[in-house]
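> My file is protein08.cif. It has mmCIF, C-alpha atoms and all ligand atoms:
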```
data_model
loop_
_atom_site.group_PDB
_atom_site.id
_atom_site.type_symbol
_atom_site.label_atom_id
_atom_site.label_comp_id
_atom_site.auth_asym_id
_atom_site.auth_seq_id
_atom_site.Cartn_x
_atom_site.Cartn_y
_atom_site.Cartn_z
ATOM 1 C CA MET A 13 -47.092 -65.402 -24.531
ATOM 2 C CA ASN A 14 -43.687 -65.197 -22.941
ATOM 3 C CA THR A 15 -43.752 -67.886 -20.332
ATOM 4 C CA HIS A 16 -41.236 -70.475 -21.483
ATOM 5 C CA SER A 17 -37.619 -69.402 -21.192
ATOM 6 C CA LEU A 18 -35.200 -69.744 -24.083
ATOM 7 C CA GLY A 19 -31.947 -71.659 -24.369
ATOM 8 C CA TYR A 20 -29.172 -71.884 -26.921
ATOM 9 C CA ALA A 21 -26.831 -74.494 -28.350
ATOM 10 C CA VAL A 22 -23.679 -74.155 -30.436
ATOM 11 C CA HIS A 23 -22.150 -76.505 -32.992
ATOM 12 C CA VAL A 24 -18.549 -75.891 -34.028
ATOM 13 C CA SER A 25 -17.615 -77.238 -37.471
ATOM 14 C CA ASP A 26 -13.995 -78.352 -37.678
ATOM 15 C CA PRO A 27 -11.606 -76.362 -39.877
ATOM 16 C CA VAL A 28 -11.610 -77.636 -43.466
ATOM 17 C CA PRO A 29 -8.440 -77.868 -45.573
ATOM 18 C CA ILE A 30 -8.067 -75.488 -48.504
ATOM 19 C CA SER A 31 -6.816 -76.169 -52.018
ATOM 20 C CA VAL A 32 -3.613 -74.154 -51.532
ATOM 21 C CA THR A 33 -1.015 -76.634 -50.331
ATOM 22 C CA ASP A 34 1.951 -74.278 -49.780
ATOM 23 C CA PRO A 35 2.656 -74.297 -46.053
ATOM 24 C CA LEU A 36 2.338 -71.199 -43.894
ATOM 25 C CA PRO A 37 5.566 -69.252 -43.149
ATOM 26 C CA ASN A 38 5.935 -71.248 -39.903
ATOM 27 C CA GLY A 39 5.702 -74.539 -41.835
ATOM 28 C CA GLU A 40 2.175 -75.478 -40.749
ATOM 29 C CA ALA A 41 -0.490 -76.659 -43.218
ATOM 30 C CA ARG A 42 -3.241 -74.274 -44.279
ATOM 31 C CA THR A 43 -6.748 -74.835 -42.973
ATOM 32 C CA PHE A 44 -9.775 -72.620 -42.584
ATOM 33 C CA GLN A 45 -11.291 -71.521 -39.267
ATOM 34 C CA PRO A 46 -13.678 -73.539 -37.131
ATOM 35 C CA ILE A 47 -17.194 -72.172 -37.778
ATOM 36 C CA SER A 48 -19.823 -71.719 -35.076
ATOM 37 C CA THR A 49 -23.501 -72.355 -35.733
ATOM 38 C CA THR A 50 -26.055 -71.376 -33.097
ATOM 39 C CA LEU A 51 -29.581 -72.531 -32.364
ATOM 40 C CA VAL A 52 -31.663 -70.239 -30.173
ATOM 41 C CA LEU A 53 -34.135 -72.671 -28.673
ATOM 42 C CA GLY A 54 -37.720 -72.213 -27.586
ATOM 43 C CA ALA A 55 -39.987 -74.950 -26.297
ATOM 44 C CA ARG A 56 -41.137 -75.904 -29.775
ATOM 45 C CA ASP A 57 -39.494 -73.469 -32.215
ATOM 46 C CA ALA A 58 -35.903 -72.426 -32.823
ATOM 47 C CA VAL A 59 -33.891 -69.908 -34.861
ATOM 48 C CA LEU A 60 -30.767 -71.109 -36.665
ATOM 49 C CA ILE A 61 -27.845 -68.683 -37.024
ATOM 50 C CA ASP A 62 -24.797 -68.920 -39.337
ATOM 51 C CA PRO A 63 -24.764 -72.512 -40.609
ATOM 52 C CA PRO A 64 -21.540 -73.519 -42.419
ATOM 53 C CA PHE A 65 -20.733 -73.604 -46.106
ATOM 54 C CA THR A 66 -19.161 -76.794 -47.480
ATOM 55 C CA THR A 67 -21.321 -79.774 -48.418
ATOM 56 C CA GLY A 68 -19.615 -81.978 -45.829
ATOM 57 C CA GLN A 69 -20.131 -79.445 -43.044
ATOM 58 C CA ILE A 70 -23.720 -78.814 -44.126
ATOM 59 C CA GLU A 71 -24.564 -82.520 -43.933
ATOM 60 C CA GLU A 72 -23.179 -82.719 -40.406
ATOM 61 C CA VAL A 73 -24.989 -79.592 -39.216
ATOM 62 C CA VAL A 74 -28.306 -80.603 -40.842
ATOM 63 C CA ALA A 75 -28.145 -83.752 -38.696
ATOM 64 C CA TRP A 76 -27.363 -81.665 -35.593
ATOM 65 C CA VAL A 77 -30.289 -79.310 -36.243
ATOM 66 C CA ALA A 78 -32.665 -82.197 -36.967
ATOM 67 C CA ALA A 79 -31.611 -83.911 -33.737
ATOM 68 C CA ALA A 80 -32.672 -80.829 -31.750
ATOM 69 C CA GLY A 81 -36.228 -81.676 -32.826
ATOM 70 C CA LYS A 82 -37.437 -78.071 -33.149
ATOM 71 C CA ASN A 83 -39.487 -76.258 -35.752
ATOM 72 C CA ILE A 84 -36.982 -73.889 -37.396
ATOM 73 C CA THR A 85 -38.645 -70.512 -37.959
ATOM 74 C CA ALA A 86 -35.722 -68.609 -39.523
ATOM 75 C CA VAL A 87 -32.156 -69.093 -40.799
ATOM 76 C CA VAL A 88 -30.188 -65.948 -39.922
ATOM 77 C CA ALA A 89 -26.933 -64.731 -41.463
ATOM 78 C CA THR A 90 -24.896 -62.293 -39.346
ATOM 79 C CA HIS A 91 -22.719 -60.999 -42.183
ATOM 80 C CA GLY A 92 -21.948 -61.409 -45.855
ATOM 81 C CA HIS A 93 -18.842 -63.632 -45.776
ATOM 82 C CA GLY A 94 -19.791 -66.833 -47.567
ATOM 83 C CA ASP A 95 -18.486 -69.194 -44.887
ATOM 84 C CA HIS A 96 -21.391 -68.062 -42.697
ATOM 85 C CA TRP A 97 -24.183 -68.270 -45.272
ATOM 86 C CA PHE A 98 -23.406 -70.172 -48.530
ATOM 87 C CA GLY A 99 -25.174 -73.104 -46.837
ATOM 88 C CA ASP A 100 -28.281 -71.113 -45.906
ATOM 89 C CA ASN A 101 -30.496 -72.258 -48.779
ATOM 90 C CA ALA A 102 -29.862 -75.919 -47.977
ATOM 91 C CA PHE A 103 -31.126 -75.332 -44.438
ATOM 92 C CA ALA A 104 -34.000 -73.103 -45.564
ATOM 93 C CA GLN A 105 -35.244 -75.843 -47.887
ATOM 94 C CA ARG A 106 -34.662 -78.731 -45.497
ATOM 95 C CA PHE A 107 -36.384 -76.992 -42.570
ATOM 96 C CA ASP A 108 -38.854 -74.847 -44.545
ATOM 97 C CA ALA A 109 -37.756 -71.517 -43.081
ATOM 98 C CA PRO A 110 -36.876 -68.123 -44.579
ATOM 99 C CA VAL A 111 -33.326 -66.781 -44.727
ATOM 100 C CA VAL A 112 -33.149 -63.515 -42.791
ATOM 101 C CA ALA A 113 -30.453 -60.831 -42.637
ATOM 102 C CA THR A 114 -30.039 -57.070 -42.387
ATOM 103 C CA ALA A 115 -29.937 -54.902 -45.514
ATOM 104 C CA GLY A 116 -26.189 -54.430 -45.041
ATOM 105 C CA THR A 117 -25.514 -58.149 -44.846
ATOM 106 C CA ILE A 118 -27.629 -58.787 -47.938
ATOM 107 C CA ALA A 119 -25.624 -56.206 -49.907
ATOM 108 C CA VAL A 120 -22.334 -57.850 -48.911
ATOM 109 C CA MET A 121 -23.736 -61.310 -49.749
ATOM 110 C CA HIS A 122 -24.077 -60.237 -53.383
ATOM 111 C CA GLY A 123 -20.409 -59.223 -53.434
ATOM 112 C CA ASN A 124 -19.391 -62.615 -52.038
ATOM 113 C CA VAL A 125 -21.373 -64.386 -54.777
ATOM 114 C CA GLU A 126 -19.513 -62.312 -57.381
ATOM 115 C CA ALA A 127 -16.198 -63.227 -55.731
ATOM 116 C CA ARG A 128 -16.870 -66.974 -55.811
ATOM 117 C CA PRO A 129 -15.047 -67.766 -59.081
ATOM 118 C CA PHE A 130 -11.965 -65.799 -57.978
ATOM 119 C CA ALA A 131 -11.695 -67.008 -54.405
ATOM 120 C CA TRP A 132 -14.269 -69.290 -52.726
ATOM 121 C CA ASP A 133 -14.625 -71.807 -55.579
ATOM 122 C CA ARG A 134 -10.864 -71.922 -56.123
ATOM 123 C CA LEU A 135 -10.233 -72.615 -52.452
ATOM 124 C CA TRP A 136 -12.969 -75.264 -52.154
ATOM 125 C CA PRO A 137 -13.635 -76.480 -55.716
ATOM 126 C CA GLY A 138 -16.929 -78.345 -56.026
ATOM 127 C CA GLN A 139 -17.537 -78.227 -52.279
ATOM 128 C CA ILE A 140 -19.785 -75.159 -51.980
ATOM 129 C CA PRO A 141 -23.440 -75.438 -53.053
ATOM 130 C CA ASP A 142 -25.041 -73.049 -55.493
ATOM 131 C CA ALA A 143 -25.941 -70.064 -53.329
ATOM 132 C CA PRO A 144 -28.160 -67.407 -54.840
ATOM 133 C CA VAL A 145 -28.992 -64.647 -52.364
ATOM 134 C CA THR A 146 -32.450 -65.401 -50.968
ATOM 135 C CA ALA A 147 -32.184 -63.518 -47.676
ATOM 136 C CA VAL A 148 -34.891 -61.020 -46.764
ATOM 137 C CA THR A 149 -35.070 -58.326 -44.111
ATOM 138 C CA VAL A 150 -37.733 -58.404 -41.409
ATOM 139 C CA PRO A 151 -39.554 -55.393 -39.890
ATOM 140 C CA GLU A 152 -37.401 -53.563 -37.308
ATOM 141 C CA ASP A 153 -34.731 -56.242 -37.945
ATOM 142 C CA THR A 154 -36.481 -58.183 -35.189
ATOM 143 C CA LEU A 155 -37.612 -61.811 -35.038
ATOM 144 C CA SER A 156 -39.994 -63.213 -32.446
ATOM 145 C CA LEU A 157 -39.359 -66.642 -30.959
ATOM 146 C CA GLU A 158 -42.304 -67.790 -28.840
ATOM 147 C CA GLY A 159 -42.816 -64.211 -27.663
ATOM 148 C CA HIS A 160 -39.113 -63.422 -27.086
ATOM 149 C CA ASP A 161 -37.375 -60.863 -29.318
ATOM 150 C CA LEU A 162 -34.219 -61.522 -31.326
ATOM 151 C CA HIS A 163 -32.749 -58.243 -32.608
ATOM 152 C CA LEU A 164 -30.441 -58.147 -35.624
ATOM 153 C CA ILE A 165 -28.228 -55.166 -34.865
ATOM 154 C CA GLU A 166 -26.014 -53.641 -37.538
ATOM 155 C CA VAL A 167 -22.576 -52.952 -36.087
ATOM 156 C CA GLY A 168 -20.759 -51.740 -39.212
ATOM 157 C CA HIS A 169 -17.282 -52.834 -40.238
ATOM 158 C CA THR A 170 -15.760 -55.773 -38.345
ATOM 159 C CA ASP A 171 -13.983 -58.471 -40.393
ATOM 160 C CA THR A 172 -15.959 -57.229 -43.416
ATOM 161 C CA GLU A 173 -18.333 -54.377 -44.166
ATOM 162 C CA ARG A 174 -21.868 -53.816 -42.848
ATOM 163 C CA THR A 175 -21.933 -56.691 -40.375
ATOM 164 C CA SER A 176 -24.532 -57.450 -37.722
ATOM 165 C CA VAL A 177 -24.969 -59.386 -34.499
ATOM 166 C CA VAL A 178 -28.035 -61.121 -33.066
ATOM 167 C CA HIS A 179 -29.035 -59.928 -29.598
ATOM 168 C CA VAL A 180 -31.332 -62.100 -27.486
ATOM 169 C CA PRO A 181 -32.063 -59.918 -24.438
ATOM 170 C CA ASP A 182 -33.956 -62.608 -22.537
ATOM 171 C CA LEU A 183 -30.882 -64.857 -22.685
ATOM 172 C CA GLY A 184 -28.259 -62.155 -22.147
ATOM 173 C CA LEU A 185 -26.833 -63.523 -25.383
ATOM 174 C CA VAL A 186 -25.156 -61.980 -28.407
ATOM 175 C CA VAL A 187 -24.497 -64.228 -31.392
ATOM 176 C CA ALA A 188 -21.701 -62.100 -32.730
ATOM 177 C CA GLY A 189 -20.764 -63.451 -36.129
ATOM 178 C CA ASP A 190 -17.229 -62.182 -36.690
ATOM 179 C CA ALA A 191 -17.551 -59.000 -34.597
ATOM 180 C CA LEU A 192 -15.906 -61.032 -31.831
ATOM 181 C CA TYR A 193 -13.513 -63.970 -32.018
ATOM 182 C CA ASN A 194 -12.898 -66.576 -29.329
ATOM 183 C CA GLY A 195 -9.656 -68.514 -29.396
ATOM 184 C CA ALA A 196 -8.679 -67.937 -33.024
ATOM 185 C CA HIS A 197 -6.498 -65.521 -34.946
ATOM 186 C CA MET A 198 -8.621 -62.803 -36.530
ATOM 187 C CA TYR A 199 -9.111 -61.882 -40.181
ATOM 188 C CA ILE A 200 -7.986 -58.265 -40.618
ATOM 189 C CA GLY A 201 -7.524 -58.361 -44.398
ATOM 190 C CA GLU A 202 -10.450 -55.972 -44.980
ATOM 191 C CA SER A 203 -9.357 -53.512 -42.293
ATOM 192 C CA ALA A 204 -6.945 -51.248 -44.190
ATOM 193 C CA GLY A 205 -7.471 -47.518 -43.658
ATOM 194 C CA GLY A 206 -9.238 -47.248 -40.314
ATOM 195 C CA GLY A 207 -10.973 -50.609 -40.239
ATOM 196 C CA LEU A 208 -9.588 -51.556 -36.848
ATOM 197 C CA ALA A 209 -10.987 -48.358 -35.281
ATOM 198 C CA ALA A 210 -14.392 -49.112 -36.802
ATOM 199 C CA TRP A 211 -14.129 -52.669 -35.484
ATOM 200 C CA ARG A 212 -13.481 -51.312 -31.951
ATOM 201 C CA ASP A 213 -16.653 -49.212 -32.291
ATOM 202 C CA ALA A 214 -18.574 -52.375 -33.166
ATOM 203 C CA ILE A 215 -17.231 -54.088 -30.055
ATOM 204 C CA ARG A 216 -18.378 -51.101 -27.975
ATOM 205 C CA THR A 217 -21.849 -51.473 -29.504
ATOM 206 C CA VAL A 218 -21.913 -55.126 -28.444
ATOM 207 C CA GLU A 219 -20.567 -54.302 -24.981
ATOM 208 C CA ALA A 220 -23.359 -51.724 -24.495
ATOM 209 C CA LEU A 221 -25.888 -54.555 -24.852
ATOM 210 C CA ALA A 222 -24.390 -55.950 -21.615
ATOM 211 C CA PRO A 223 -24.446 -59.587 -22.718
ATOM 212 C CA ARG A 224 -23.443 -62.396 -20.376
ATOM 213 C CA SER A 225 -22.641 -64.728 -23.258
ATOM 214 C CA ILE A 226 -21.145 -64.116 -26.686
ATOM 215 C CA VAL A 227 -20.988 -66.774 -29.376
ATOM 216 C CA ALA A 228 -18.116 -65.881 -31.699
ATOM 217 C CA GLY A 229 -18.449 -66.959 -35.336
ATOM 218 C CA HIS A 230 -15.009 -68.532 -35.105
ATOM 219 C CA LYS A 231 -14.351 -70.143 -31.749
ATOM 220 C CA ASN A 232 -12.341 -72.841 -30.088
ATOM 221 C CA ARG A 233 -14.989 -75.298 -28.928
ATOM 222 C CA ASP A 234 -13.043 -75.937 -25.711
ATOM 223 C CA LEU A 235 -13.651 -72.339 -24.574
ATOM 224 C CA ASP A 236 -16.793 -70.956 -22.928
ATOM 225 C CA ASP A 237 -18.826 -67.970 -24.196
ATOM 226 C CA ASP A 238 -18.073 -65.616 -21.281
ATOM 227 C CA ALA A 239 -18.813 -62.167 -22.704
ATOM 228 C CA GLY A 240 -16.312 -60.198 -20.607
ATOM 229 C CA ARG A 241 -13.429 -62.465 -21.536
ATOM 230 C CA VAL A 242 -14.365 -62.651 -25.216
ATOM 231 C CA ILE A 243 -14.593 -58.845 -25.464
ATOM 232 C CA GLU A 244 -11.312 -58.306 -23.609
ATOM 233 C CA GLU A 245 -9.396 -60.863 -25.673
ATOM 234 C CA THR A 246 -10.763 -59.592 -28.983
ATOM 235 C CA ARG A 247 -9.768 -56.041 -28.058
ATOM 236 C CA ARG A 248 -6.305 -57.125 -27.001
ATOM 237 C CA TYR A 249 -5.818 -58.971 -30.302
ATOM 238 C CA LEU A 250 -6.781 -55.869 -32.294
ATOM 239 C CA ASP A 251 -4.403 -53.751 -30.176
ATOM 240 C CA ASP A 252 -1.598 -56.235 -30.779
ATOM 241 C CA ALA A 253 -2.325 -56.320 -34.514
ATOM 242 C CA GLU A 254 -2.300 -52.539 -34.732
ATOM 243 C CA ALA A 255 1.037 -52.340 -32.895
ATOM 244 C CA ALA A 256 2.550 -55.091 -35.041
ATOM 245 C CA LEU A 257 1.402 -53.355 -38.219
ATOM 246 C CA GLN A 258 3.427 -50.322 -37.078
ATOM 247 C CA GLU A 259 6.486 -52.315 -36.071
ATOM 248 C CA CYS A 260 6.785 -54.929 -38.790
ATOM 249 C CA ALA A 261 8.213 -54.243 -42.232
ATOM 250 C CA SER A 262 6.816 -57.321 -43.990
ATOM 251 C CA ALA A 263 3.843 -59.688 -43.974
ATOM 252 C CA THR A 264 6.116 -62.525 -42.837
ATOM 253 C CA GLU A 265 7.449 -60.514 -39.902
ATOM 254 C CA PHE A 266 3.897 -59.461 -38.952
ATOM 255 C CA PHE A 267 2.690 -63.076 -39.133
ATOM 256 C CA GLN A 268 5.501 -64.338 -36.926
ATOM 257 C CA THR A 269 5.070 -61.491 -34.440
ATOM 258 C CA MET A 270 1.359 -62.281 -34.004
ATOM 259 C CA ILE A 271 2.072 -66.003 -33.679
ATOM 260 C CA ASP A 272 4.667 -65.254 -30.989
ATOM 261 C CA ARG A 273 2.342 -62.893 -29.104
ATOM 262 C CA HIS A 274 -0.561 -65.362 -29.173
ATOM 263 C CA PRO A 275 0.931 -68.817 -28.600
ATOM 264 C CA ASP A 276 -2.394 -69.901 -27.059
ATOM 265 C CA LEU A 277 -4.360 -69.620 -30.333
ATOM 266 C CA PRO A 278 -4.408 -72.902 -32.251
ATOM 267 C CA TYR A 279 -6.795 -71.686 -34.951
ATOM 268 C CA GLY A 280 -6.898 -69.091 -37.665
ATOM 269 C CA LYS A 281 -3.231 -68.972 -38.654
ATOM 270 C CA THR A 282 -4.161 -69.205 -42.338
ATOM 271 C CA LEU A 283 -6.515 -66.237 -41.941
ATOM 272 C CA LEU A 284 -3.763 -64.342 -40.119
ATOM 273 C CA TRP A 285 -1.419 -64.976 -43.052
ATOM 274 C CA VAL A 286 -4.025 -64.070 -45.679
ATOM 275 C CA GLY A 287 -4.849 -60.824 -43.884
ATOM 276 C CA ALA A 288 -1.165 -59.970 -43.508
ATOM 277 C CA LYS A 289 -0.472 -60.561 -47.194
ATOM 278 C CA ILE A 290 -3.391 -58.355 -48.208
ATOM 279 C CA LEU A 291 -2.533 -55.456 -45.890
ATOM 280 C CA TYR A 292 1.165 -55.455 -46.857
ATOM 281 C CA ALA A 293 0.321 -55.747 -50.568
ATOM 282 C CA LEU A 294 -1.882 -52.667 -50.198
ATOM 283 C CA ARG A 295 1.126 -50.726 -48.898
ATOM 284 C CA GLU A 296 2.804 -50.989 -52.298
ATOM 285 C CA PRO A 297 2.448 -47.876 -54.472
ATOM 286 C CA GLY A 298 -0.362 -48.251 -57.005
ATOM 287 C CA ALA A 299 -1.630 -51.477 -55.414
ATOM 288 C CA ASP A 300 -4.855 -52.834 -56.926
ATOM 289 C CA PRO A 301 -7.288 -53.654 -54.081
ATOM 290 C CA VAL A 302 -8.940 -56.565 -55.898
ATOM 291 C CA ALA A 303 -5.602 -58.141 -56.884
ATOM 292 C CA ALA A 304 -4.354 -57.687 -53.318
ATOM 293 C CA ALA A 305 -7.482 -59.300 -51.852
ATOM 294 C CA VAL A 306 -7.342 -62.328 -54.144
ATOM 295 C CA GLY A 307 -3.546 -62.554 -53.927
ATOM 296 C CA GLY A 308 -3.734 -62.906 -50.167
ATOM 297 C CA TRP A 309 -5.247 -66.348 -50.565
ATOM 298 C CA PHE A 310 -3.039 -67.819 -53.289
HETATM 299 ZN ZN ZN A 401 -16.424 -63.137 -41.614
#
```
Using structure tokens, write down the structure from this file.

Amino acid sequence: MNTHSLGYAVHVSDPVPISVTDPLPNGEARTFQPISTTLVLGARDAVLIDPPFTTGQIEEVVAWVAAAGKNITAVVATHGHGDHWFGDNAFAQRFDAPVVATAGTIAVMHGNVEARPFAWDRLWPGQIPDAPVTAVTVPEDTLSLEGHDLHLIEVGHTDTERTSVVHVPDLGLVVAGDALYNGAHMYIGESAGGGLAAWRDAIRTVEALAPRSIVAGHKNRDLDDDAGRVIEETRRYLDDAEAALQECASATEFFQTMIDRHPDLPYGKTLLWVGAKILYALREPGADPVAAAVGGWF
């Protein structure tokens, strides 16, 4: 049956502070990104996508999901970065639903678990629940919600490897994870060596789905989800980053250039700085990729 139309709702978790107290090069304090969580809503059932990762955020979002009053049929992770899925098991248990992801996302999840002691648990000590990988794939990467399809579509490299988006054709909706950003500086720290070109390909894949609405994994809650604007602004940010990477001789200069070019973005400056530090560290002869990646944060 496919008679009742779907809806969606978004909760944006506020940026959490991180354990590193050194200010950013512009003097501002370090915080993480806001994190978007989406419910795709049927009449009775709903699918939950990308719940947040610290115990405080999880508590708040559990209450939000419970208040929607729906039967949760799946908890979906769009990509392997822990901020979008370390909370998944808490929601799966509370709402008795499986955790679902693509094969690529599941592979990257394992890497994020291995990285916890070196990064995640140092940045948020004691604040992230135990998070074994429990996600499973589903046939054709497709979920059914009261007769409507939700397609998990692998889009390749975006802000990490092997990412996916959730396409809900009957809503004209793409829940984009970090393939698209909306009102926040972007994390390009994993985009050395052609990553930005791959990211543009991913955006083209999303654009070809002709969505009306895009929920970005990191968004300013005061902005709408207009797909055309979100795509255009994400592309422009990547273009600006690529140009600045050519022009700027240091991470600090790159950071300040991006801040100056995007005075309208209140969020994500810590991620901008982390990405800049990583990419400029990798320019050094003999740079160790793991040391560069961890060093970006600390
Ligand atoms: Zn991410």
> Just to confirm, what's the straight-line distance from CA of His179 (chain A) to CA of Gln69 (chain A) in Å (one decimal)?
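Interatomic distance, CA of His179 (chain A) to CA of Gln69 (chain A): 25.3 Å.
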> Run the PyMOL selection byres (((chain A and resi 212) around 12) and not hetatm) mentally over the shown coordinates, then write out the matched residues as JSON, numbers by chain, using the chain letters and numbers from the document.
{"A": [167, 168, 169, 170, 171, 191, 192, 203, 206, 207, 208, 209, 210, 211, 213, 214, 215, 216, 217, 218, 219, 243, 244, 246, 247, 248, 249, 250, 251, 254]}
> To one decimal in Å, tell me the separation between CA of Ala89 (chain A) and CA of Pro46 (chain A).
16.5 Å
> Applied to this file, what does the PyMOL selection byres (((chain A and resi 28) around 10) and not hetatm) return in terms of residues, put as a ChimeraX atom specification?
/A:25-27,29-31,42-47,66,68-69,136
> Check what the PyMOL selection byres (((not hetatm)) within 9 of (chain A and resi 401)) selects in the file above and give those residues as a PyMOL selection string.
chain A and resi 90-96+170-172+175+189-191+199+229-230
> Which value, in Å to one decimal, gives the distance between CA of Ala303 (chain A) and CA of Gly205 (chain A)?
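It comes out at 17.1 Å.
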> Counting all atoms listed in the file, what is within 8 Å of Asp238 (chain A), bar same-chain residues fewer than 5 positions away, as a VMD selection string?
chain A and resid 224 to 226
> Closest to Val150 (chain A) among A:Val59, A:Gly201, A:Ala86, A:Glu173, using all atoms listed in the file?
A:Ala86
> Would you please work out which residue, of A:Ala102, A:Ala304, A:Leu18, A:Ile200, is nearest to Leu157 (chain A) when using all atoms listed in the file?
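Between A:Ala102, A:Ala304, A:Leu18, A:Ile200, the residue approaching Leu157 (chain A) most closely is A:Leu18.
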> From the options A:Gly184, A:Pro64, A:Gly138, A:Pro129, which residue's atoms come nearest to Asp100 (chain A), counting all atoms listed in the file?
A:Pro64
